[in-house]
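Shown below: coords_16.cif, with mmCIF, C-alpha atoms and all ligand atoms.
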```
data_start
#
loop_
_atom_site.label_atom_id
_atom_site.label_comp_id
_atom_site.auth_asym_id
_atom_site.auth_seq_id
_atom_site.Cartn_x
_atom_site.Cartn_y
_atom_site.Cartn_z
CA MET A 1 -45.48 34.10 -16.96
CA SER A 2 -42.48 31.83 -17.42
CA ALA A 3 -42.33 28.33 -15.94
CA THR A 4 -39.69 29.65 -13.51
CA ASP A 5 -42.02 32.47 -12.40
CA VAL A 6 -44.79 29.97 -11.73
CA LEU A 7 -42.47 27.71 -9.72
CA GLN A 8 -41.16 30.69 -7.76
CA LYS A 9 -44.71 31.62 -6.80
CA ARG A 10 -45.47 28.07 -5.71
CA PHE A 11 -42.13 27.83 -3.85
CA ALA A 12 -42.77 31.05 -1.95
CA ALA A 13 -46.25 29.91 -0.95
CA ALA A 14 -45.37 26.35 0.11
CA LEU A 15 -41.79 26.33 1.39
CA MET A 16 -40.22 27.98 4.40
CA PRO A 17 -38.30 31.11 3.45
CA ASN A 18 -34.97 29.88 4.92
CA TYR A 19 -33.32 29.69 1.47
CA GLY A 20 -34.76 32.96 0.20
CA LEU A 21 -36.30 32.64 -3.25
CA PRO A 22 -34.03 30.72 -5.65
CA THR A 23 -33.54 32.32 -9.05
CA VAL A 24 -33.26 29.14 -11.09
CA ALA A 25 -35.55 26.08 -11.17
CA LEU A 26 -33.47 23.19 -12.45
CA ALA A 27 -35.30 20.53 -14.41
CA ARG A 28 -32.70 18.07 -15.72
CA GLY A 29 -29.01 17.52 -16.30
CA GLN A 30 -26.57 15.54 -18.41
CA GLY A 31 -22.86 15.59 -17.66
CA LEU A 32 -22.01 19.21 -16.84
CA GLN A 33 -25.04 20.57 -18.64
CA VAL A 34 -28.23 21.40 -16.79
CA TRP A 35 -31.48 22.85 -18.08
CA ASP A 36 -33.94 24.99 -16.20
CA ALA A 37 -37.72 24.83 -16.23
CA ASP A 38 -37.80 27.22 -19.21
CA GLY A 39 -35.29 25.19 -21.21
CA ARG A 40 -32.32 27.51 -20.63
CA GLU A 41 -29.03 25.62 -20.64
CA TYR A 42 -26.16 26.13 -18.19
CA LEU A 43 -22.73 24.64 -17.65
CA ASP A 44 -22.70 23.53 -14.02
CA LEU A 45 -19.46 24.64 -12.35
CA PHE A 46 -20.86 24.23 -8.86
CA ALA A 47 -22.15 20.62 -8.77
CA GLY A 48 -24.84 21.39 -6.20
CA ILE A 49 -22.36 22.63 -3.55
CA ALA A 50 -19.47 20.34 -4.50
CA VAL A 51 -21.63 17.21 -4.60
CA SER A 52 -22.26 15.84 -8.10
CA ALA A 53 -18.80 14.37 -8.55
CA LEU A 54 -19.76 12.46 -11.70
CA GLY A 55 -21.86 15.26 -13.14
CA HIS A 56 -25.53 14.72 -13.87
CA ALA A 57 -27.18 11.47 -15.00
CA HIS A 58 -23.88 9.61 -15.23
CA PRO A 59 -24.71 6.08 -16.46
CA ALA A 60 -22.66 4.44 -13.69
CA LEU A 61 -24.68 6.30 -11.06
CA THR A 62 -28.10 5.95 -12.66
CA GLY A 63 -27.39 2.26 -13.39
CA ALA A 64 -26.32 1.48 -9.82
CA VAL A 65 -29.18 3.41 -8.26
CA THR A 66 -31.82 1.96 -10.59
CA GLN A 67 -30.60 -1.56 -10.02
CA GLN A 68 -30.55 -1.15 -6.25
CA VAL A 69 -33.87 0.65 -5.93
CA THR A 70 -35.64 -2.03 -7.94
CA LYS A 71 -34.06 -4.73 -5.76
CA LEU A 72 -34.15 -3.28 -2.22
CA ALA A 73 -34.57 0.41 -1.38
CA HIS A 74 -34.48 0.33 2.41
CA THR A 75 -33.70 -2.02 5.25
CA SER A 76 -33.36 0.16 8.40
CA ASN A 77 -30.42 -0.42 10.68
CA LEU A 78 -31.96 -3.59 12.10
CA PHE A 79 -30.68 -5.47 9.07
CA MET A 80 -27.36 -5.44 7.28
CA HIS A 81 -26.83 -5.46 3.54
CA GLU A 82 -23.90 -5.95 1.21
CA PRO A 83 -23.75 -2.46 -0.41
CA GLY A 84 -23.30 -0.89 3.04
CA ILE A 85 -20.63 -3.35 4.11
CA GLU A 86 -18.83 -3.06 0.78
CA LEU A 87 -18.90 0.73 0.92
CA ALA A 88 -17.36 0.74 4.40
CA GLU A 89 -14.69 -1.71 3.19
CA ARG A 90 -13.94 0.43 0.14
CA LEU A 91 -13.57 3.56 2.26
CA LEU A 92 -11.23 1.75 4.64
CA ALA A 93 -9.17 0.57 1.67
CA LEU A 94 -8.93 4.13 0.33
CA LEU A 95 -8.01 5.44 3.78
CA GLY A 96 -5.35 2.78 4.33
CA GLY A 97 -1.89 2.45 2.89
CA ASP A 98 -0.88 -1.07 1.90
CA GLY A 99 -4.00 -2.54 3.49
CA PRO A 100 -7.29 -1.29 4.85
CA ALA A 101 -7.09 1.44 7.47
CA ASP A 102 -7.51 0.38 11.08
CA ALA A 103 -10.84 2.17 11.31
CA ARG A 104 -14.62 1.71 11.44
CA VAL A 105 -17.39 3.61 9.65
CA PHE A 106 -20.79 4.92 10.73
CA PHE A 107 -23.09 5.98 7.89
CA ALA A 108 -25.33 9.02 8.25
CA ASN A 109 -27.45 10.89 5.69
CA SER A 110 -25.69 14.24 5.45
CA GLY A 111 -22.62 16.18 6.46
CA THR A 112 -24.13 17.72 9.54
CA GLU A 113 -25.21 14.28 10.73
CA ALA A 114 -21.72 12.90 10.14
CA ASN A 115 -20.41 15.68 12.40
CA GLU A 116 -23.09 15.00 15.02
CA ALA A 117 -21.86 11.40 15.12
CA ALA A 118 -18.30 12.71 15.57
CA ILE A 119 -19.38 14.99 18.42
CA LYS A 120 -21.12 12.12 20.18
CA LEU A 121 -18.10 9.88 19.60
CA VAL A 122 -15.82 12.44 21.24
CA ARG A 123 -18.15 12.88 24.21
CA ARG A 124 -18.60 9.13 24.68
CA HIS A 125 -14.85 8.60 24.51
CA TRP A 126 -14.14 11.05 27.33
CA GLU A 127 -17.12 9.79 29.30
CA LYS A 128 -15.71 6.25 29.08
CA GLN A 129 -12.33 7.61 30.22
CA GLY A 130 -14.01 9.30 33.19
CA GLN A 131 -12.80 12.68 31.92
CA GLN A 132 -15.94 14.25 30.52
CA GLU A 133 -15.88 16.87 33.28
CA THR A 134 -12.20 17.76 32.85
CA ARG A 135 -12.34 17.88 29.01
CA PRO A 136 -15.41 20.02 28.37
CA VAL A 137 -14.05 22.20 25.58
CA TYR A 138 -14.24 21.67 21.83
CA VAL A 139 -11.94 23.78 19.68
CA ALA A 140 -13.04 24.89 16.21
CA THR A 141 -12.04 27.61 13.78
CA GLU A 142 -13.42 31.06 13.13
CA ASN A 143 -15.51 31.11 9.96
CA GLY A 144 -15.38 27.32 9.76
CA PHE A 145 -18.52 25.47 8.73
CA HIS A 146 -19.62 22.10 10.08
CA GLY A 147 -23.38 22.04 9.54
CA ARG A 148 -26.72 23.28 10.81
CA THR A 149 -27.88 20.84 13.49
CA MET A 150 -27.35 22.02 17.06
CA GLY A 151 -24.05 20.20 17.68
CA ALA A 152 -22.50 20.89 14.28
CA LEU A 153 -23.82 24.44 14.44
CA ALA A 154 -22.16 24.99 17.81
CA LEU A 155 -18.83 24.25 16.05
CA THR A 156 -19.61 26.50 13.11
CA GLY A 157 -17.48 29.61 13.38
CA LYS A 158 -19.66 32.05 11.50
CA ALA A 159 -21.44 34.13 14.14
CA SER A 160 -24.37 35.19 11.94
CA ILE A 161 -25.31 31.53 11.40
CA ARG A 162 -24.57 30.34 14.93
CA GLU A 163 -25.52 33.11 17.34
CA PRO A 164 -29.31 33.25 16.76
CA PHE A 165 -29.53 29.63 17.94
CA ALA A 166 -27.29 29.81 21.01
CA PRO A 167 -26.94 28.48 23.65
CA PHE A 168 -25.75 25.00 22.69
CA GLY A 169 -25.03 21.92 24.72
CA ILE A 170 -21.30 22.07 24.09
CA ASP A 171 -18.64 24.58 25.00
CA VAL A 172 -16.68 25.69 21.92
CA ARG A 173 -13.52 27.77 21.80
CA PHE A 174 -12.90 29.38 18.39
CA VAL A 175 -9.43 30.11 17.02
CA PRO A 176 -8.36 31.88 13.82
CA PHE A 177 -8.06 29.33 11.00
CA GLY A 178 -4.49 28.61 9.93
CA ASP A 179 -2.88 29.93 13.13
CA ALA A 180 -1.07 26.97 14.71
CA ASP A 181 0.04 29.00 17.75
CA ALA A 182 -3.53 30.01 18.52
CA LEU A 183 -4.58 26.38 18.15
CA ARG A 184 -1.82 25.25 20.51
CA ALA A 185 -2.89 27.81 23.10
CA ALA A 186 -6.58 26.82 22.82
CA ALA A 187 -6.24 23.02 22.67
CA GLY A 188 -4.88 22.49 26.17
CA PRO A 189 -5.62 19.78 28.72
CA ASP A 190 -9.29 20.81 28.98
CA CYS A 191 -9.84 20.18 25.25
CA ALA A 192 -11.89 17.17 24.18
CA ALA A 193 -11.38 17.56 20.43
CA VAL A 194 -10.28 19.88 17.67
CA PHE A 195 -12.61 20.08 14.66
CA VAL A 196 -10.99 21.42 11.51
CA GLU A 197 -11.50 21.56 7.74
CA PRO A 198 -8.33 20.95 5.69
CA CYS A 199 -9.28 24.07 3.69
CA GLN A 200 -12.28 26.18 4.68
CA GLY A 201 -15.00 25.73 2.07
CA GLU A 202 -17.97 27.90 3.01
CA ALA A 203 -15.64 30.63 4.26
CA GLY A 204 -14.54 31.07 0.64
CA VAL A 205 -12.19 28.16 -0.22
CA ILE A 206 -9.43 29.34 2.09
CA PRO A 207 -6.39 27.08 2.30
CA PRO A 208 -4.38 27.26 5.52
CA PRO A 209 -0.61 27.85 5.48
CA PRO A 210 1.34 24.71 4.52
CA GLY A 211 1.81 22.32 7.43
CA TYR A 212 -1.25 23.52 9.40
CA LEU A 213 -2.95 20.13 9.48
CA ARG A 214 0.32 18.47 10.54
CA ALA A 215 0.65 21.05 13.30
CA ALA A 216 -2.94 20.33 14.38
CA ARG A 217 -2.05 16.63 14.58
CA GLU A 218 1.01 17.35 16.74
CA ILE A 219 -0.95 19.72 18.98
CA CYS A 220 -3.66 17.09 19.53
CA ASP A 221 -1.04 14.40 20.20
CA ALA A 222 0.55 16.64 22.81
CA SER A 223 -2.69 17.60 24.55
CA GLY A 224 -4.54 14.31 24.19
CA ALA A 225 -7.42 15.94 22.34
CA LEU A 226 -8.96 14.08 19.40
CA LEU A 227 -8.33 15.47 15.94
CA VAL A 228 -11.56 15.48 13.93
CA VAL A 229 -11.00 16.37 10.28
CA ASP A 230 -14.10 17.50 8.41
CA GLU A 231 -13.63 16.44 4.79
CA ILE A 232 -17.29 16.81 3.93
CA GLN A 233 -16.42 19.29 1.19
CA SER A 234 -12.74 18.48 0.55
CA GLY A 235 -13.01 14.69 0.36
CA ILE A 236 -13.72 12.18 -2.42
CA GLY A 237 -11.32 13.55 -4.98
CA ARG A 238 -12.21 17.23 -4.99
CA THR A 239 -8.63 18.38 -4.36
CA GLY A 240 -7.12 15.80 -6.73
CA HIS A 241 -6.46 13.46 -3.78
CA TRP A 242 -8.95 10.98 -2.39
CA PHE A 243 -8.81 12.92 0.86
CA ALA A 244 -7.04 16.21 1.52
CA HIS A 245 -5.49 14.95 4.78
CA GLN A 246 -3.65 12.21 2.90
CA ALA A 247 -1.78 14.82 0.90
CA GLU A 248 -0.60 16.28 4.22
CA GLY A 249 0.52 12.88 5.54
CA VAL A 250 -1.80 13.23 8.53
CA THR A 251 -4.08 10.58 10.02
CA PRO A 252 -7.05 12.02 11.92
CA ASP A 253 -8.67 10.32 14.89
CA VAL A 254 -12.08 10.94 13.35
CA LEU A 255 -12.94 11.85 9.76
CA THR A 256 -16.28 13.07 8.45
CA LEU A 257 -17.48 12.77 4.85
CA ALA A 258 -20.63 13.50 2.82
CA LYS A 259 -21.34 15.61 -0.32
CA GLY A 260 -19.34 13.99 -3.17
CA LEU A 261 -19.50 10.55 -1.55
CA GLY A 262 -23.00 9.85 -2.86
CA GLY A 263 -22.55 11.79 -6.09
CA GLY A 264 -25.97 13.40 -5.47
CA LEU A 265 -27.65 10.75 -3.33
CA PRO A 266 -27.77 11.66 0.38
CA ILE A 267 -25.12 9.94 2.48
CA GLY A 268 -22.60 10.97 5.13
CA ALA A 269 -19.96 9.01 6.97
CA CYS A 270 -18.11 9.31 10.25
CA VAL A 271 -14.91 7.27 10.38
CA GLY A 272 -13.22 6.50 13.69
CA PHE A 273 -9.57 5.46 13.43
CA GLY A 274 -7.89 2.94 15.74
CA PRO A 275 -9.59 2.79 19.15
CA TYR A 276 -11.98 5.56 18.12
CA GLY A 277 -13.64 3.15 15.69
CA ALA A 278 -15.08 1.25 18.65
CA VAL A 279 -16.11 4.12 20.94
CA LEU A 280 -19.76 4.21 19.90
CA GLY A 281 -21.03 0.96 21.34
CA ARG A 282 -24.31 -0.86 20.93
CA GLY A 283 -27.23 1.56 21.34
CA ASP A 284 -25.04 4.69 21.45
CA HIS A 285 -26.03 6.05 18.05
CA GLY A 286 -28.17 5.24 15.05
CA SER A 287 -30.18 6.38 12.05
CA THR A 288 -33.20 4.82 10.36
CA PHE A 289 -31.99 5.81 6.91
CA GLY A 290 -28.23 5.64 7.60
CA ALA A 291 -26.41 3.30 5.19
CA ASN A 292 -29.45 3.34 2.95
CA PRO A 293 -28.73 0.70 0.29
CA VAL A 294 -29.55 3.01 -2.63
CA SER A 295 -27.22 5.73 -1.35
CA CYS A 296 -24.53 3.10 -0.68
CA ALA A 297 -24.90 1.73 -4.22
CA ALA A 298 -24.55 5.30 -5.55
CA ALA A 299 -21.44 5.87 -3.45
CA LEU A 300 -19.89 2.61 -4.66
CA ALA A 301 -20.52 3.76 -8.25
CA VAL A 302 -18.87 7.10 -7.46
CA LEU A 303 -15.76 5.48 -5.98
CA THR A 304 -15.51 2.93 -8.80
CA THR A 305 -15.86 5.59 -11.50
CA ILE A 306 -13.35 7.95 -9.89
CA GLU A 307 -10.90 5.05 -9.96
CA SER A 308 -11.72 3.62 -13.40
CA ASP A 309 -11.91 6.98 -15.17
CA GLY A 310 -8.83 8.53 -13.56
CA LEU A 311 -10.86 11.35 -12.04
CA LEU A 312 -8.30 12.22 -9.36
CA ALA A 313 -5.81 13.02 -12.11
CA ASN A 314 -8.54 14.86 -14.01
CA ALA A 315 -9.42 16.95 -10.94
CA ALA A 316 -5.76 17.90 -10.56
CA ALA A 317 -5.23 18.67 -14.27
CA ALA A 318 -8.53 20.47 -14.89
CA GLY A 319 -8.05 22.35 -11.62
CA THR A 320 -4.63 23.52 -12.75
CA GLN A 321 -6.04 24.55 -16.15
CA LEU A 322 -8.85 26.48 -14.47
CA ALA A 323 -6.68 28.13 -11.82
CA SER A 324 -3.88 29.08 -14.18
CA GLY A 325 -6.38 30.41 -16.73
CA ILE A 326 -8.01 32.64 -14.13
CA GLY A 327 -4.62 33.55 -12.66
CA ALA A 328 -3.39 34.73 -16.06
CA MET A 329 -6.45 36.93 -16.60
CA SER A 330 -6.38 40.62 -15.98
CA HIS A 331 -9.54 42.54 -15.10
CA PRO A 332 -10.18 45.34 -12.58
CA LEU A 333 -12.67 43.09 -10.73
CA LEU A 334 -10.33 40.11 -10.51
CA ALA A 335 -7.73 39.89 -7.75
CA GLY A 336 -6.62 36.27 -8.17
CA VAL A 337 -7.51 32.68 -7.51
CA ARG A 338 -6.99 30.26 -4.60
CA GLY A 339 -7.71 26.63 -3.80
CA GLN A 340 -6.65 23.26 -5.07
CA GLY A 341 -7.90 20.78 -7.65
CA LEU A 342 -11.49 21.41 -8.65
CA TRP A 343 -12.16 23.46 -5.54
CA LEU A 344 -11.29 27.03 -6.32
CA ALA A 345 -12.32 30.58 -5.56
CA ALA A 346 -11.86 33.48 -7.94
CA ILE A 347 -11.07 36.40 -5.66
CA LEU A 348 -12.61 39.76 -6.50
CA THR A 349 -11.24 43.21 -5.79
CA GLU A 350 -14.68 44.39 -4.61
CA PRO A 351 -17.72 42.78 -2.98
CA ALA A 352 -19.16 42.04 -6.42
CA ALA A 353 -19.69 38.29 -6.16
CA VAL A 354 -23.48 38.42 -6.40
CA ALA A 355 -23.23 40.49 -9.60
CA VAL A 356 -20.60 38.11 -11.03
CA GLU A 357 -22.71 35.07 -10.17
CA ALA A 358 -25.71 36.67 -11.93
CA ALA A 359 -23.64 37.68 -14.98
CA ALA A 360 -22.26 34.13 -15.18
CA ARG A 361 -25.80 32.77 -15.07
CA ARG A 362 -26.88 35.10 -17.87
CA ALA A 363 -23.90 33.79 -19.86
CA GLY A 364 -24.95 30.19 -19.17
CA PHE A 365 -22.67 29.18 -16.27
CA LEU A 366 -23.60 28.19 -12.71
CA VAL A 367 -21.04 29.46 -10.22
CA ASN A 368 -21.41 30.44 -6.56
CA ALA A 369 -20.99 33.74 -4.74
CA VAL A 370 -19.61 31.99 -1.67
CA GLN A 371 -18.46 35.28 -0.08
CA PRO A 372 -19.11 38.90 -1.09
CA ASP A 373 -15.68 38.96 -2.76
CA ALA A 374 -15.25 35.33 -3.79
CA ILE A 375 -16.73 33.14 -6.51
CA ARG A 376 -16.54 29.44 -5.74
CA LEU A 377 -15.94 26.95 -8.53
CA ALA A 378 -16.49 23.30 -7.62
CA PRO A 379 -17.45 21.58 -10.87
CA PRO A 380 -18.03 17.85 -11.30
CA LEU A 381 -14.75 15.89 -11.37
CA VAL A 382 -15.60 14.77 -14.92
CA ILE A 383 -15.16 18.26 -16.38
CA SER A 384 -13.28 18.20 -19.71
CA PRO A 385 -10.52 20.57 -20.88
CA GLY A 386 -12.99 21.93 -23.47
CA GLU A 387 -15.54 22.77 -20.78
CA VAL A 388 -12.88 24.53 -18.69
CA ARG A 389 -11.90 26.51 -21.80
CA LEU A 390 -15.54 27.50 -22.45
CA PHE A 391 -15.69 29.12 -19.04
CA LEU A 392 -12.27 30.74 -19.28
CA ASP A 393 -13.19 32.22 -22.67
CA ALA A 394 -16.44 33.58 -21.24
CA LEU A 395 -15.06 34.95 -17.97
CA PRO A 396 -13.73 38.33 -19.16
CA ALA A 397 -17.14 39.26 -20.58
CA ILE A 398 -18.86 37.95 -17.43
CA LEU A 399 -16.67 40.21 -15.28
CA GLU A 400 -17.29 43.13 -17.62
CA ASN A 401 -21.05 42.60 -17.52
CA ALA A 402 -20.96 42.34 -13.73
CA ALA A 403 -19.01 45.58 -13.51
CA THR A 404 -21.50 47.32 -15.81
CA ALA A 405 -24.48 45.98 -13.89
CA ARG A 406 -22.97 47.20 -10.61
CA GLY A 407 -22.26 50.58 -12.14
CA ALA A 408 -25.86 50.84 -13.33
CA SER A 409 -27.47 49.85 -10.03
C1 LIG B 1 -17.05 21.34 5.67
C2 LIG B 1 -18.52 21.07 5.80
N1 LIG B 1 -18.97 20.40 6.86
C3 LIG B 1 -20.28 20.14 7.01
C4 LIG B 1 -21.22 20.56 6.08
C5 LIG B 1 -22.68 20.25 6.28
O1 LIG B 1 -23.09 19.29 5.35
P1 LIG B 1 -24.64 19.11 5.01
O2 LIG B 1 -25.11 20.34 4.34
O3 LIG B 1 -24.67 17.87 4.14
O4 LIG B 1 -25.33 18.86 6.30
C6 LIG B 1 -20.78 21.27 4.97
C7 LIG B 1 -21.75 21.77 3.98
O5 LIG B 1 -21.50 22.66 3.21
C8 LIG B 1 -19.40 21.55 4.82
O6 LIG B 1 -18.93 22.23 3.77
#
```

As a first step, turn the structure in this file into structure tokens.
Amino acid sequence: MSATDVLQKRFAAALMPNYGLPTVALARGQGLQVWDADGREYLDLFAGIAVSALGHAHPALTGAVTQQVTKLAHTSNLFMHEPGIELAERLLALLGGDGPADARVFFANSGTEANEAAIKLVRRHWEKQGQQETRPVYVATENGFHGRTMGALALTGKASIREPFAPFGIDVRFVPFGDADALRAAAGPDCAAVFVEPCQGEAGVIPPPPGYLRAAREICDASGALLVVDEIQSGIGRTGHWFAHQAEGVTPDVLTLAKGLGGGLPIGACVGFGPYGAVLGRGDHGSTFGANPVSCAAALAVLTTIESDGLLANAAAAGTQLASGIGAMSHPLLAGVRGQGLWLAAILTEPAAVAVEAAARRAGFLVNAVQPDAIRLAPPLVISPGEVRLFLDALPAILENAATARGAS
């Protein structure tokens, strides 16, 4: 029995079956390389669902985390600490133009929690305005993903994930993603807020038509609804910009972040701009672990390294290399590529993504069958041109092996 087999048996016996039974047991990583429990090596083109921005065991991250954990691992929210304050200041600086953004940050532990904070912020805002009754509706997009807790799940537009847990405490109106007219029609005077991803991640890395986010901003301005932009997957350099909304020249009312922010340590953030930064007053919200100093130190290391190592430019350049390499490839299973920066999906002509993911794994690459006909690539932002080339060189054989495996099954 292999070490992976043993771990699978133990996993199945001890853990809830909500993730199914994972195929790979990862043991360690270095840069883009990871090794499983049996010593097999893979090139990680998925970064743990678009999280490990600096790759694995980056010295800036391990140094910052080690230093912080040996000094002070936890304070609770009854005490403040410099890493948390500095991280908020750094985010505001990145979100601002010439100076820090007029905004305030709440730190959570995950993406779904960042969105829960945003939902509560919206509700509290309208309650303070005396309009909670007249603005009961939240607008979100079909197939959008905002998380798994009851509020974030209510906004999640994939019925198979959401419906088994209905009803929810909030009334959500779903509109097709990318359709500004549908958004305009839905986000009327009864709308409290519009929640939108700049590009849908879990739906299969689906960019909207150009100008969609700007249209969403205008629609919210006209109706009075808050614009909540979920950059949990798109933020922190993944698209080659610090934040995808900046590339669109749009300022949200509320922004949510997580994933890449901590580079692998759990942290989420909800940012309220202008007056929305002060909506959640004393006692309105909180988290024991929120702004955990170790996670904040990790996030500071991520932001510093992205800046010092030019990783926004690298995300843009490596993303272009990857996308144009896939785009130039011809194979009966391959229909094309979409996305931006290091956040791409190879589109398949058939629902063969599971077979392609498995063939990639056999060839030593971790990729993600995000949809039946789409393979998501979201590698660490530190990926080198040589590592991109390795994958591009291997992809034709991966597709061929997937096609053969499908034919045989
Ligand atoms: C856009 C978006 N929002 C929210 C979430 C939920 O984040 P988490 O899994 O950290 O709770 C995700 C996770 O994939 C996401 O992609």

Using the file's own x, y and z axes, what box holds all listed atoms of ligand LIG 1 (chain B) with 3 Å on each side, keeping edges along x, y and z, and what are its centre and edge lengths in Å to one decimal, as AutoDock Vina command-line options?
```
--center_x -21.2 --center_y 20.3 --center_z 5.1 --size_x 14.3 --size_y 10.8 --size_z 9.8
```

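For the pair atom CA of A:Ala346 and atom CA of A:Ala369, the interatomic distance is 9.7 Å.
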
Worksheet entry | For ligand LIG 1 (chain B), the nearest of the candidates A:Ala118, A:Leu312, A:Leu381, A:Leu333, counting all atoms listed in the file | A:Ala118

Worksheet item: Do you know which residues are within 9 Å of ligand LIG 1 (chain B) using only C-alpha atoms and all ligand atoms? Can you write them as a ChimeraX atom specification?
Response: /A:49-50,109-115,144-149,152,156,196-202,230-234,256-259,266-268

Selected residues, C-alpha atoms, written as a JSON list (two decimals), in the frame of the given file, please.
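That gives us again_15.json:
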```json
[["chain", "number", "residue", "atom", "x", "y", "z"],
["A", 49, "ILE", "CA", -22.36, 22.63, -3.55],
["A", 50, "ALA", "CA", -19.47, 20.34, -4.50],
["A", 109, "ASN", "CA", -27.45, 10.89, 5.69],
["A", 110, "SER", "CA", -25.69, 14.24, 5.45],
["A", 111, "GLY", "CA", -22.62, 16.18, 6.46],
["A", 112, "THR", "CA", -24.13, 17.72, 9.54],
["A", 113, "GLU", "CA", -25.21, 14.28, 10.73],
["A", 114, "ALA", "CA", -21.72, 12.90, 10.14],
["A", 115, "ASN", "CA", -20.41, 15.68, 12.40],
["A", 144, "GLY", "CA", -15.38, 27.32, 9.76],
["A", 145, "PHE", "CA", -18.52, 25.47, 8.73],
["A", 146, "HIS", "CA", -19.62, 22.10, 10.08],
["A", 147, "GLY", "CA", -23.38, 22.04, 9.54],
["A", 148, "ARG", "CA", -26.72, 23.28, 10.81],
["A", 149, "THR", "CA", -27.88, 20.84, 13.49],
["A", 152, "ALA", "CA", -22.50, 20.89, 14.28],
["A", 156, "THR", "CA", -19.61, 26.50, 13.11],
["A", 196, "VAL", "CA", -10.99, 21.42, 11.51],
["A", 197, "GLU", "CA", -11.50, 21.56, 7.74],
["A", 198, "PRO", "CA", -8.33, 20.95, 5.69],
["A", 199, "CYS", "CA", -9.28, 24.07, 3.69],
["A", 200, "GLN", "CA", -12.28, 26.18, 4.68],
["A", 201, "GLY", "CA", -15.00, 25.73, 2.07],
["A", 202, "GLU", "CA", -17.97, 27.90, 3.01],
["A", 230, "ASP", "CA", -14.10, 17.50, 8.41],
["A", 231, "GLU", "CA", -13.63, 16.44, 4.79],
["A", 232, "ILE", "CA", -17.29, 16.81, 3.93],
["A", 233, "GLN", "CA", -16.42, 19.29, 1.19],
["A", 234, "SER", "CA", -12.74, 18.48, 0.55],
["A", 256, "THR", "CA", -16.28, 13.07, 8.45],
["A", 257, "LEU", "CA", -17.48, 12.77, 4.85],
["A", 258, "ALA", "CA", -20.63, 13.50, 2.82],
["A", 259, "LYS", "CA", -21.34, 15.61, -0.32],
["A", 266, "PRO", "CA", -27.77, 11.66, 0.38],
["A", 267, "ILE", "CA", -25.12, 9.94, 2.48],
["A", 268, "GLY", "CA", -22.60, 10.97, 5.13]]
```

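The spacing separating atom CA of A:Ala353 from atom CA of A:Ala315 amounts to 24.2 Å.
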
Response to the item:
One decimal place gives the atom CA of A:Leu255-atom CA of A:Leu226 separation as 10.7 Å

Item to complete: Excluding A:Asp309 and residues on its chain fewer than 3 positions from it, collect all residues at most 12 Å away from it, counting only C-alpha atoms, and give them as an MDAnalysis selection string.
Response: chainID A and resid 54 60 301:306 312:315 381:383

Worksheet item: So which residues touch A:Arg389 within 9 Å, counting only C-alpha atoms, skipping near sequence neighbours fewer than 5 positions away, as a PyMOL selection string?
Response: chain A and resi 321-322+325+384+394

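Nearest-residue note for A:Arg406: choosing from A:Val354, A:Pro372, A:Glu387, A:Val34, the minimum distance belongs to A:Val354, counting only C-alpha atoms.
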